[in-house]
file coords-v7.pdb (PDB, C-alpha atoms)
ATOM      1  CA  MET F   1     -16.306  -9.334   7.813  1.00  0.00           C
ATOM      2  CA  ALA F   2     -16.484  -6.073   5.905  1.00  0.00           C
ATOM      3  CA  ALA F   3     -13.680  -3.617   6.613  1.00  0.00           C
ATOM      4  CA  GLN F   4     -14.544  -0.165   7.814  1.00  0.00           C
ATOM      5  CA  ALA F   5     -12.866   2.866   9.285  1.00  0.00           C
ATOM      6  CA  SER F   6     -13.464   3.395  12.985  1.00  0.00           C
ATOM      7  CA  ASN F   7     -15.094   6.634  14.099  1.00  0.00           C
ATOM      8  CA  GLN F   8     -13.707   6.350  17.613  1.00  0.00           C
ATOM      9  CA  SER F   9     -11.188   9.197  18.122  1.00  0.00           C
ATOM     10  CA  ASN F  10     -10.957   9.466  14.309  1.00  0.00           C
ATOM     11  CA  THR F  11      -9.042   6.198  14.242  1.00  0.00           C
ATOM     12  CA  VAL F  12      -8.393   4.635  10.831  1.00  0.00           C
ATOM     13  CA  ALA F  13      -8.029   0.984  11.842  1.00  0.00           C
ATOM     14  CA  ILE F  14      -8.628  -0.827   8.564  1.00  0.00           C
ATOM     15  CA  ILE F  15      -6.617  -3.961   9.403  1.00  0.00           C
ATOM     16  CA  SER F  16      -6.482  -3.782  13.207  1.00  0.00           C
ATOM     17  CA  PRO F  17      -6.316  -1.151  15.986  1.00  0.00           C
ATOM     18  CA  LYS F  18      -3.069  -2.781  17.173  1.00  0.00           C
ATOM     19  CA  TYR F  19      -1.334  -1.289  14.137  1.00  0.00           C
ATOM     20  CA  CYS F  20      -2.355   2.247  15.122  1.00  0.00           C
ATOM     21  CA  SER F  21      -0.284   4.636  17.226  1.00  0.00           C
ATOM     22  CA  PRO F  22      -1.508   7.705  19.164  1.00  0.00           C
ATOM     23  CA  SER F  23       1.370   9.699  17.682  1.00  0.00           C
ATOM     24  CA  SER F  24       2.719  10.045  14.143  1.00  0.00           C
ATOM     25  CA  VAL F  25       5.157   7.372  12.999  1.00  0.00           C
ATOM     26  CA  GLU F  26       8.024   7.476  10.505  1.00  0.00           C
ATOM     27  CA  LEU F  27       8.557   4.309   8.467  1.00  0.00           C
ATOM     28  CA  GLY F  28      11.340   3.493   6.034  1.00  0.00           C
ATOM     29  CA  ILE F  29      10.507   1.332   3.026  1.00  0.00           C
ATOM     30  CA  VAL F  30      13.423  -0.356   1.284  1.00  0.00           C
ATOM     31  CA  ARG F  31      12.915  -1.968  -2.095  1.00  0.00           C
ATOM     32  CA  LYS F  32      15.210  -4.810  -3.142  1.00  0.00           C
ATOM     33  CA  PHE F  33      16.043  -4.800  -6.822  1.00  0.00           C
ATOM     34  CA  MET F  34      18.414  -7.733  -6.882  1.00  0.00           C
ATOM     35  CA  SER F  35      16.044 -10.346  -5.498  1.00  0.00           C
ATOM     36  CA  LEU F  36      13.491 -12.388  -7.424  1.00  0.00           C
ATOM     37  CA  CYS F  37      12.599 -14.860  -4.700  1.00  0.00           C
ATOM     38  CA  GLU F  38      12.940 -12.827  -1.520  1.00  0.00           C
ATOM     39  CA  GLY F  39      10.622 -10.121  -0.276  1.00  0.00           C
ATOM     40  CA  ASP F  40      11.028  -7.044  -2.434  1.00  0.00           C
ATOM     41  CA  PHE F  41      10.179  -4.564   0.351  1.00  0.00           C
ATOM     42  CA  ASP F  42      11.322  -4.253   3.932  1.00  0.00           C
ATOM     43  CA  VAL F  43       9.500  -1.812   6.212  1.00  0.00           C
ATOM     44  CA  LEU F  44      11.697  -0.378   8.966  1.00  0.00           C
ATOM     45  CA  ASP F  45      10.994   1.562  12.122  1.00  0.00           C
ATOM     46  CA  ILE F  46      13.093   4.583  13.143  1.00  0.00           C
ATOM     47  CA  ASN F  47      15.639   2.251  14.759  1.00  0.00           C
ATOM     48  CA  GLY F  48      16.169   0.288  11.557  1.00  0.00           C
ATOM     49  CA  ASN F  49      14.263  -2.791  12.731  1.00  0.00           C
ATOM     50  CA  ILE F  50      12.236  -4.699  10.149  1.00  0.00           C
ATOM     51  CA  ILE F  51       8.596  -4.599  11.224  1.00  0.00           C
ATOM     52  CA  PHE F  52       6.915  -5.779   7.989  1.00  0.00           C
ATOM     53  CA  THR F  53       7.996  -7.378   4.725  1.00  0.00           C
ATOM     54  CA  ALA F  54       6.293  -7.446   1.323  1.00  0.00           C
ATOM     55  CA  LYS F  55       7.009 -10.693  -0.476  1.00  0.00           C
ATOM     56  CA  GLU F  56       6.205 -12.031  -3.924  1.00  0.00           C
ATOM     57  CA  LYS F  57       4.080 -15.171  -4.144  1.00  0.00           C
ATOM     58  CA  VAL F  58       6.021 -17.025  -6.841  1.00  0.00           C
ATOM     59  CA  LEU F  59       7.759 -15.235  -9.707  1.00  0.00           C
ATOM     60  CA  ALA F  60       8.570 -11.656  -8.836  1.00  0.00           C
ATOM     61  CA  PHE F  61       8.547 -10.393 -12.405  1.00  0.00           C
ATOM     62  CA  LEU F  62       4.870 -11.297 -12.836  1.00  0.00           C
ATOM     63  CA  HIS F  63       3.822  -8.964  -9.989  1.00  0.00           C
ATOM     64  CA  GLU F  64       0.466 -10.696  -9.606  1.00  0.00           C
ATOM     65  CA  LYS F  65       0.416 -11.532  -5.908  1.00  0.00           C
ATOM     66  CA  LYS F  66       2.197 -10.386  -2.769  1.00  0.00           C
ATOM     67  CA  PHE F  67       2.073 -10.996   0.959  1.00  0.00           C
ATOM     68  CA  ILE F  68       2.553  -8.489   3.749  1.00  0.00           C
ATOM     69  CA  LEU F  69       4.337 -10.443   6.487  1.00  0.00           C
ATOM     70  CA  ASP F  70       4.982  -9.720  10.150  1.00  0.00           C
ATOM     71  CA  PRO F  71       8.541 -10.075  11.580  1.00  0.00           C
ATOM     72  CA  ALA F  72       7.937 -13.779  12.237  1.00  0.00           C
ATOM     73  CA  GLY F  73       7.037 -14.350   8.578  1.00  0.00           C
ATOM     74  CA  LYS F  74       3.313 -14.778   9.209  1.00  0.00           C
ATOM     75  CA  PRO F  75       1.085 -13.347   6.452  1.00  0.00           C
ATOM     76  CA  ILE F  76      -0.995 -10.376   7.563  1.00  0.00           C
ATOM     77  CA  LEU F  77      -2.399  -9.581   4.122  1.00  0.00           C
ATOM     78  CA  THR F  78      -2.602 -11.053   0.638  1.00  0.00           C
ATOM     79  CA  LEU F  79      -2.426  -8.535  -2.224  1.00  0.00           C
ATOM     80  CA  ARG F  80      -3.713  -9.865  -5.538  1.00  0.00           C
ATOM     81  CA  LYS F  81      -3.893  -8.209  -8.930  1.00  0.00           C
ATOM     82  CA  LYS F  82      -7.248  -8.815 -10.557  1.00  0.00           C
ATOM     83  CA  ALA F  83      -6.811 -10.066 -14.105  1.00  0.00           C
ATOM     84  CA  MET F  84      -8.353  -8.448 -17.173  1.00  0.00           C
ATOM     85  CA  THR F  85      -9.234  -5.085 -15.671  1.00  0.00           C
ATOM     86  CA  ALA F  86      -8.698  -1.727 -17.367  1.00  0.00           C
ATOM     87  CA  HIS F  87      -7.804   0.204 -14.215  1.00  0.00           C
ATOM     88  CA  SER F  88      -4.998  -1.929 -12.701  1.00  0.00           C
ATOM     89  CA  ARG F  89      -7.229  -3.219  -9.907  1.00  0.00           C
ATOM     90  CA  TRP F  90      -5.722  -4.895  -6.831  1.00  0.00           C
ATOM     91  CA  GLN F  91      -7.653  -6.671  -4.094  1.00  0.00           C
ATOM     92  CA  VAL F  92      -6.358  -6.991  -0.523  1.00  0.00           C
ATOM     93  CA  PHE F  93      -7.457  -9.889   1.692  1.00  0.00           C
ATOM     94  CA  ARG F  94      -6.903 -10.782   5.325  1.00  0.00           C
ATOM     95  CA  GLY F  95      -4.173 -13.343   6.032  1.00  0.00           C
ATOM     96  CA  GLU F  96      -3.540 -15.841   3.237  1.00  0.00           C
ATOM     97  CA  SER F  97      -7.160 -15.880   2.110  1.00  0.00           C
ATOM     98  CA  GLU F  98      -8.425 -14.902  -1.328  1.00  0.00           C
ATOM     99  CA  GLU F  99     -12.092 -15.444  -0.509  1.00  0.00           C
ATOM    100  CA  LEU F 100     -14.595 -12.634  -0.912  1.00  0.00           C
ATOM    101  CA  LYS F 101     -15.588 -12.829   2.759  1.00  0.00           C
ATOM    102  CA  ASP F 102     -12.000 -11.884   3.685  1.00  0.00           C
ATOM    103  CA  LEU F 103     -11.710  -8.995   1.232  1.00  0.00           C
ATOM    104  CA  ILE F 104     -10.696  -5.826   3.104  1.00  0.00           C
ATOM    105  CA  PHE F 105     -10.305  -3.246   0.353  1.00  0.00           C
ATOM    106  CA  THR F 106      -9.721  -2.716  -3.362  1.00  0.00           C
ATOM    107  CA  VAL F 107      -7.291  -0.315  -5.015  1.00  0.00           C
ATOM    108  CA  LYS F 108      -7.488   0.925  -8.597  1.00  0.00           C
ATOM    109  CA  LYS F 109      -6.192   3.724 -10.764  1.00  0.00           C
ATOM    110  CA  HIS F 110      -8.739   6.533 -10.955  1.00  0.00           C
ATOM    111  CA  SER F 111      -8.684   6.731 -14.750  1.00  0.00           C
ATOM    112  CA  LEU F 112      -6.549   5.489 -17.607  1.00  0.00           C
ATOM    113  CA  LEU F 113      -6.471   9.062 -18.904  1.00  0.00           C
ATOM    114  CA  ASP F 114      -5.785  10.632 -15.521  1.00  0.00           C
ATOM    115  CA  LEU F 115      -2.633  12.737 -15.806  1.00  0.00           C
ATOM    116  CA  LYS F 116      -2.767  13.637 -12.101  1.00  0.00           C
ATOM    117  CA  LEU F 117      -1.902  10.065 -11.094  1.00  0.00           C
ATOM    118  CA  GLN F 118      -4.739   9.489  -8.665  1.00  0.00           C
ATOM    119  CA  VAL F 119      -5.599   6.131  -7.152  1.00  0.00           C
ATOM    120  CA  ASP F 120      -8.912   5.217  -5.521  1.00  0.00           C
ATOM    121  CA  VAL F 121      -9.339   2.927  -2.510  1.00  0.00           C
ATOM    122  CA  PHE F 122     -12.662   1.244  -1.768  1.00  0.00           C
ATOM    123  CA  LEU F 123     -13.398  -0.640   1.438  1.00  0.00           C
ATOM    124  CA  ALA F 124     -15.093  -4.019   1.091  1.00  0.00           C
ATOM    125  CA  ASN F 125     -18.497  -2.729   2.188  1.00  0.00           C
ATOM    126  CA  ASN F 126     -18.423  -0.025  -0.512  1.00  0.00           C
ATOM    127  CA  ARG F 127     -19.735  -2.367  -3.170  1.00  0.00           C
ATOM    128  CA  ASP F 128     -21.031   0.152  -5.709  1.00  0.00           C
ATOM    129  CA  GLU F 129     -17.689   2.040  -5.708  1.00  0.00           C
ATOM    130  CA  GLN F 130     -19.312   5.314  -6.679  1.00  0.00           C
ATOM    131  CA  ILE F 131     -17.322   7.340  -4.132  1.00  0.00           C
ATOM    132  CA  CYS F 132     -13.940   6.177  -2.889  1.00  0.00           C
ATOM    133  CA  ASP F 133     -13.155   5.784   0.810  1.00  0.00           C
ATOM    134  CA  PHE F 134      -9.554   6.941   0.384  1.00  0.00           C
ATOM    135  CA  LYS F 135      -7.753   8.821  -2.368  1.00  0.00           C
ATOM    136  CA  ILE F 136      -4.048   8.710  -3.208  1.00  0.00           C
ATOM    137  CA  LYS F 137      -2.530  11.595  -5.164  1.00  0.00           C
ATOM    138  CA  CYS F 138       0.957  11.109  -6.551  1.00  0.00           C
ATOM    139  CA  SER F 139       3.783  13.049  -8.131  1.00  0.00           C
ATOM    140  CA  LEU F 140       6.183  10.948 -10.176  1.00  0.00           C
ATOM    141  CA  PHE F 141       8.460  13.968 -10.609  1.00  0.00           C
ATOM    142  CA  GLU F 142       8.814  14.353  -6.842  1.00  0.00           C
ATOM    143  CA  HIS F 143       8.530  10.594  -6.174  1.00  0.00           C
ATOM    144  CA  SER F 144       5.891  11.325  -3.557  1.00  0.00           C
ATOM    145  CA  CYS F 145       2.291  10.573  -2.710  1.00  0.00           C
ATOM    146  CA  VAL F 146      -0.330  11.728  -0.234  1.00  0.00           C
ATOM    147  CA  ILE F 147      -3.152   9.529   1.088  1.00  0.00           C
ATOM    148  CA  TYR F 148      -6.436  11.309   1.896  1.00  0.00           C
ATOM    149  CA  THR F 149      -9.690  10.178   3.460  1.00  0.00           C
ATOM    150  CA  GLY F 150     -12.624  10.330   1.057  1.00  0.00           C
ATOM    151  CA  GLU F 151     -13.115  11.528  -2.502  1.00  0.00           C
ATOM    152  CA  ASP F 152     -12.552  15.277  -2.046  1.00  0.00           C
ATOM    153  CA  SER F 153     -11.260  15.412   1.502  1.00  0.00           C
ATOM    154  CA  SER F 154      -8.266  17.474   2.602  1.00  0.00           C
ATOM    155  CA  THR F 155      -7.672  15.163   5.575  1.00  0.00           C
ATOM    156  CA  ILE F 156      -4.299  13.455   5.197  1.00  0.00           C
ATOM    157  CA  ILE F 157      -3.605  10.085   6.830  1.00  0.00           C
ATOM    158  CA  ALA F 158      -0.113   9.471   5.435  1.00  0.00           C
ATOM    159  CA  GLU F 159       2.545  10.904   3.128  1.00  0.00           C
ATOM    160  CA  MET F 160       5.326   9.155   1.250  1.00  0.00           C
ATOM    161  CA  HIS F 161       8.425  10.686  -0.311  1.00  0.00           C
ATOM    162  CA  LYS F 162      11.561   9.229  -1.762  1.00  0.00           C
ATOM    163  CA  LYS F 163      14.912   9.655   0.003  1.00  0.00           C
ATOM    164  CA  PRO F 164      17.629   7.862  -1.975  1.00  0.00           C
ATOM    165  CA  SER F 165      21.069   7.493  -0.445  1.00  0.00           C
ATOM    166  CA  ALA F 166      24.468   6.498  -1.820  1.00  0.00           C
ATOM    167  CA  LYS F 167      24.317   3.317   0.244  1.00  0.00           C
ATOM    168  CA  SER F 168      20.876   2.362  -1.065  1.00  0.00           C
ATOM    169  CA  ILE F 169      21.995   2.888  -4.672  1.00  0.00           C
ATOM    170  CA  LEU F 170      25.088   0.719  -4.194  1.00  0.00           C
ATOM    171  CA  LEU F 171      22.997  -2.046  -2.623  1.00  0.00           C
ATOM    172  CA  GLY F 172      20.462  -1.971  -5.436  1.00  0.00           C
ATOM    173  CA  LYS F 173      17.773  -0.571  -3.165  1.00  0.00           C
ATOM    174  CA  THR F 174      15.452   2.409  -3.226  1.00  0.00           C
ATOM    175  CA  ASN F 175      14.382   4.043   0.022  1.00  0.00           C
ATOM    176  CA  PHE F 176      11.043   5.677   0.702  1.00  0.00           C
ATOM    177  CA  MET F 177      10.077   7.470   3.873  1.00  0.00           C
ATOM    178  CA  VAL F 178       6.451   7.329   4.985  1.00  0.00           C
ATOM    179  CA  THR F 179       4.914   9.538   7.655  1.00  0.00           C
ATOM    180  CA  VAL F 180       1.823   7.869   9.109  1.00  0.00           C
ATOM    181  CA  ASN F 181      -0.419  10.254  11.014  1.00  0.00           C
ATOM    182  CA  PRO F 182      -1.702   9.502  14.542  1.00  0.00           C
ATOM    183  CA  ASN F 183      -4.344   6.756  14.916  1.00  0.00           C
ATOM    184  CA  VAL F 184      -3.822   5.472  11.372  1.00  0.00           C
ATOM    185  CA  ASP F 185      -3.249   1.795  10.595  1.00  0.00           C
ATOM    186  CA  HIS F 186       0.403   1.266   9.625  1.00  0.00           C
ATOM    187  CA  VAL F 187      -0.205  -1.991   7.749  1.00  0.00           C
ATOM    188  CA  PHE F 188      -3.002  -0.404   5.720  1.00  0.00           C
ATOM    189  CA  VAL F 189      -0.655   2.383   4.635  1.00  0.00           C
ATOM    190  CA  VAL F 190       2.162  -0.063   3.807  1.00  0.00           C
ATOM    191  CA  ALA F 191      -0.196  -2.169   1.676  1.00  0.00           C
ATOM    192  CA  LEU F 192      -1.299   0.955  -0.209  1.00  0.00           C
ATOM    193  CA  ILE F 193       2.305   1.942  -0.917  1.00  0.00           C
ATOM    194  CA  VAL F 194       3.150  -1.560  -2.180  1.00  0.00           C
ATOM    195  CA  VAL F 195       0.113  -1.647  -4.479  1.00  0.00           C
ATOM    196  CA  LEU F 196       0.794   1.906  -5.604  1.00  0.00           C
ATOM    197  CA  ASP F 197       4.298   0.899  -6.656  1.00  0.00           C
ATOM    198  CA  GLU F 198       2.797  -1.825  -8.833  1.00  0.00           C
ATOM    199  CA  ILE F 199       0.216   0.476 -10.410  1.00  0.00           C
ATOM    200  CA  LEU F 200       2.157   3.662 -11.013  1.00  0.00           C
ATOM    201  CA  PHE F 201       5.851   3.716 -10.284  1.00  0.00           C
ATOM    202  CA  VAL F 202       8.490   2.591 -12.733  1.00  0.00           C
ATOM    203  CA  ARG F 203      11.354   0.578 -11.277  1.00  0.00           C
ATOM    204  CA  TYR F 204      14.262   2.966 -11.618  1.00  0.00           C
TER     205      TYR F 204
END
call {"tool": "encode", "arguments": {"input": "coords-v7.pdb", "output": "structure tokens"}}
result
Amino acid sequence: MAAQASNQSNTVAIISPKYCSPSSVELGIVRKFMSLCEGDFDVLDINGNIIFTAKEKVLAFLHEKKFILDPAGKPILTLRKKAMTAHSRWQVFRGESEELKDLIFTVKKHSLLDLKLQVDVFLANNRDEQICDFKIKCSLFEHSCVIYTGEDSSTIIAEMHKKPSAKSILLGKTNFMVTVNPNVDHVFVVALIVVLDEILFVRY
């Protein structure tokens, strides 16, 4: 089934409406540096509870495949890097599938020569990929990114910024805070941040 953004109440329910909230939501994303076999991201709610985990498929240093898991460890999404592409293309599938019929969206760097660090997101039904469905604009200097709807839209669905702490540094972790706007799919945003980390951000 082709993924698409819902027009009802301007809801962006790419994975499922159950991951949308009528109010804005703050998420904490914790990256684990010292683990090769465990999930390298935990996604926390404002109470510090783990609500999603991003986990490597086999060898973490290859960074070729990840899962987004729910708290029970069930895969919600499979994130796969497409081999031999010039624009660091990642494909995101529903569940543990890697079949085309379960493709939800594709993420790729806008241009190899793009100094503005822009990333394009194409939903599965946007096969010609002439105009992106979502655009991510990043600042490595500020360790931040903004996710917009459409190619030239000013409509923001989520923002990410880095908030390191002494505790996170000592534990070998890096913390990101993500503000997800009302009626926007949390899992969709988390998957974009995880892929974005693979495409753009150096592991510091």
call {"tool": "residues_around", "arguments": {"input": "coords-v7.pdb", "residues": "Ile46 in chain F", "least_positions_apart": "5", "cutoff": "8 Å", "atoms": "only C-alpha atoms", "output": "list in words"}}
result
Glu26, Leu27 and Gly28 of chain F
call {"tool": "atom_distance", "arguments": {"input": "coords-v7.pdb", "atom1": "CA of Leu69 in chain F", "atom2": "CA of Ile51 in chain F"}}
result
8.6 Å
call {"tool": "resolve_selection", "arguments": {"input": "coords-v7.pdb", "expression": "the PyMOL selection byres ((chain F and resi 68) around 6)", "output": "list in words"}}
result
Thr53, Ala54, Phe67, Leu69, Pro75, Ile76 and Leu77 of chain F
call {"tool": "write_last_selection", "arguments": {"input": "coords-v7.pdb", "atoms": "C-alpha atoms", "output": "short mmCIF file (atom, residue, chain, number, x, y, z; two decimals), in the frame of the given file"}}
result
data_model
loop_
_atom_site.label_atom_id
_atom_site.label_comp_id
_atom_site.auth_asym_id
_atom_site.auth_seq_id
_atom_site.Cartn_x
_atom_site.Cartn_y
_atom_site.Cartn_z
CA THR F 53 8.00 -7.38 4.72
CA ALA F 54 6.29 -7.45 1.32
CA PHE F 67 2.07 -11.00 0.96
CA LEU F 69 4.34 -10.44 6.49
CA PRO F 75 1.08 -13.35 6.45
CA ILE F 76 -1.00 -10.38 7.56
CA LEU F 77 -2.40 -9.58 4.12
#
call {"tool": "closest_residue", "arguments": {"input": "coords-v7.pdb", "among": "F:Val119, F:Ile131, F:Val30, F:Val12", "to": "Lys163 in chain F", "atoms": "only C-alpha atoms"}}
result
F:Val30
call {"tool": "atom_distance", "arguments": {"input": "coords-v7.pdb", "atom1": "CA of His143 in chain F", "atom2": "CA of Lys162 in chain F"}}
result
5.5 Å
call {"tool": "atom_distance", "arguments": {"input": "coords-v7.pdb", "atom1": "CA of Pro22 in chain F", "atom2": "CA of Ser144 in chain F"}}
result
24.2 Å
call {"tool": "residues_around", "arguments": {"input": "coords-v7.pdb", "residues": "range 177-183 of chain F", "least_positions_apart": "5", "cutoff": "10 Å", "atoms": "only C-alpha atoms", "output": "compact mmCIF listing (two decimals) with C-alpha atoms, in the frame of the given file"}}
result
# COMPACT_ATOMS: atom_id res chain seq x y z
CA SER F 6 -13.46 3.40 12.98
CA GLN F 8 -13.71 6.35 17.61
CA SER F 9 -11.19 9.20 18.12
CA ASN F 10 -10.96 9.47 14.31
CA THR F 11 -9.04 6.20 14.24
CA VAL F 12 -8.39 4.64 10.83
CA ALA F 13 -8.03 0.98 11.84
CA PRO F 17 -6.32 -1.15 15.99
CA LYS F 18 -3.07 -2.78 17.17
CA TYR F 19 -1.33 -1.29 14.14
CA CYS F 20 -2.36 2.25 15.12
CA SER F 21 -0.28 4.64 17.23
CA PRO F 22 -1.51 7.70 19.16
CA SER F 23 1.37 9.70 17.68
CA SER F 24 2.72 10.04 14.14
CA VAL F 25 5.16 7.37 13.00
CA GLU F 26 8.02 7.48 10.50
CA LEU F 27 8.56 4.31 8.47
CA GLY F 28 11.34 3.49 6.03
CA ILE F 29 10.51 1.33 3.03
CA VAL F 30 13.42 -0.36 1.28
CA VAL F 43 9.50 -1.81 6.21
CA LEU F 44 11.70 -0.38 8.97
CA SER F 144 5.89 11.32 -3.56
CA CYS F 145 2.29 10.57 -2.71
CA VAL F 146 -0.33 11.73 -0.23
CA ILE F 147 -3.15 9.53 1.09
CA ILE F 156 -4.30 13.46 5.20
CA ILE F 157 -3.60 10.09 6.83
CA ALA F 158 -0.11 9.47 5.44
CA GLU F 159 2.54 10.90 3.13
CA MET F 160 5.33 9.15 1.25
CA HIS F 161 8.43 10.69 -0.31
CA LYS F 162 11.56 9.23 -1.76
CA LYS F 163 14.91 9.65 0.00
CA PRO F 164 17.63 7.86 -1.98
CA VAL F 189 -0.66 2.38 4.64
CA VAL F 190 2.16 -0.06 3.81
CA ILE F 193 2.31 1.94 -0.92
call {"tool": "closest_residue", "arguments": {"input": "coords-v7.pdb", "among": "F:Leu123, F:Leu196, F:Trp90, F:Glu96", "to": "Ser139 in chain F", "atoms": "all atoms listed in the file"}}
result
F:Leu196
call {"tool": "resolve_selection", "arguments": {"input": "coords-v7.pdb", "expression": "the PyMOL selection byres ((chain F and resi 78-80) around 10)", "output": "NGL selection string"}}
result
:F and (54-57 or 63-69 or 75-77 or 81-83 or 89-98 or 102-107 or 191-192 or 194-195)
call {"tool": "closest_residue", "arguments": {"input": "coords-v7.pdb", "among": "F:Phe176, F:Gln130, F:Gln118, F:Ala72", "to": "Tyr148 in chain F", "atoms": "all atoms listed in the file"}}
result
F:Gln118
call {"tool": "closest_residue", "arguments": {"input": "coords-v7.pdb", "among": "F:Lys108, F:Arg127, F:Phe52, F:Arg31", "to": "His186 in chain F", "atoms": "all atoms listed in the file"}}
result
F:Phe52
call {"tool": "closest_residue", "arguments": {"input": "coords-v7.pdb", "among": "F:Asp133, F:Asp128, F:Asp45, F:Asp70", "to": "Thr155 in chain F", "atoms": "only C-alpha atoms"}}
result
F:Asp133
call {"tool": "decode", "arguments": {"input": "coords-v7.pdb", "residues": "range 70-86 of chain F", "atoms": "N, CA, C and O atoms", "output": "compact mmCIF listing (two decimals), in the first residue's frame"}}
result
# COMPACT_ATOMS: atom_id res chain seq x y z
N ASP F 70 9.29 -1.04 18.63
CA ASP F 70 8.43 -0.53 19.69
C ASP F 70 8.98 -0.99 21.03
O ASP F 70 9.97 -1.73 21.08
N PRO F 71 8.39 -0.58 22.17
CA PRO F 71 8.94 -0.95 23.48
C PRO F 71 9.01 -2.45 23.73
O PRO F 71 9.81 -2.90 24.54
N ALA F 72 8.17 -3.22 23.04
CA ALA F 72 8.20 -4.67 23.20
C ALA F 72 9.23 -5.35 22.30
O ALA F 72 9.38 -6.57 22.32
N GLY F 73 9.95 -4.54 21.50
CA GLY F 73 10.96 -5.10 20.60
C GLY F 73 10.42 -5.53 19.25
O GLY F 73 11.14 -6.15 18.46
N LYS F 74 9.18 -5.19 18.95
CA LYS F 74 8.60 -5.54 17.66
C LYS F 74 8.97 -4.50 16.60
O LYS F 74 8.81 -3.30 16.83
N PRO F 75 9.46 -4.95 15.44
CA PRO F 75 9.85 -4.00 14.40
C PRO F 75 8.66 -3.23 13.84
O PRO F 75 7.65 -3.83 13.44
N ILE F 76 8.77 -1.91 13.84
CA ILE F 76 7.77 -1.07 13.20
C ILE F 76 8.20 -0.76 11.77
O ILE F 76 7.40 -0.79 10.84
N LEU F 77 9.50 -0.50 11.61
CA LEU F 77 10.05 -0.13 10.30
C LEU F 77 11.38 -0.81 10.08
O LEU F 77 12.12 -1.08 11.03
N THR F 78 11.70 -1.05 8.80
CA THR F 78 13.03 -1.46 8.38
C THR F 78 13.63 -0.35 7.54
O THR F 78 13.01 0.11 6.57
N LEU F 79 14.82 0.11 7.91
CA LEU F 79 15.52 1.17 7.19
C LEU F 79 16.72 0.54 6.48
O LEU F 79 17.59 -0.06 7.14
N ARG F 80 16.77 0.65 5.17
CA ARG F 80 17.82 -0.03 4.41
C ARG F 80 18.54 0.95 3.49
O ARG F 80 17.89 1.68 2.73
N LYS F 81 19.85 0.95 3.55
CA LYS F 81 20.63 1.76 2.63
C LYS F 81 20.70 1.07 1.29
O LYS F 81 21.02 -0.12 1.20
N LYS F 82 20.37 1.81 0.24
CA LYS F 82 20.42 1.23 -1.10
C LYS F 82 21.84 1.32 -1.63
O LYS F 82 22.46 2.39 -1.64
N ALA F 83 22.37 0.18 -2.05
CA ALA F 83 23.77 0.12 -2.49
C ALA F 83 23.97 0.83 -3.82
O ALA F 83 23.06 0.92 -4.65
N MET F 84 25.19 1.30 -4.01
CA MET F 84 25.63 1.87 -5.30
C MET F 84 24.76 3.03 -5.76
O MET F 84 24.34 3.11 -6.91
N THR F 85 24.48 3.96 -4.86
CA THR F 85 23.77 5.17 -5.26
C THR F 85 24.62 6.37 -4.89
O THR F 85 25.32 6.38 -3.87
N ALA F 86 24.54 7.42 -5.73
CA ALA F 86 25.40 8.59 -5.55
C ALA F 86 24.89 9.53 -4.48
O ALA F 86 25.62 10.39 -4.00
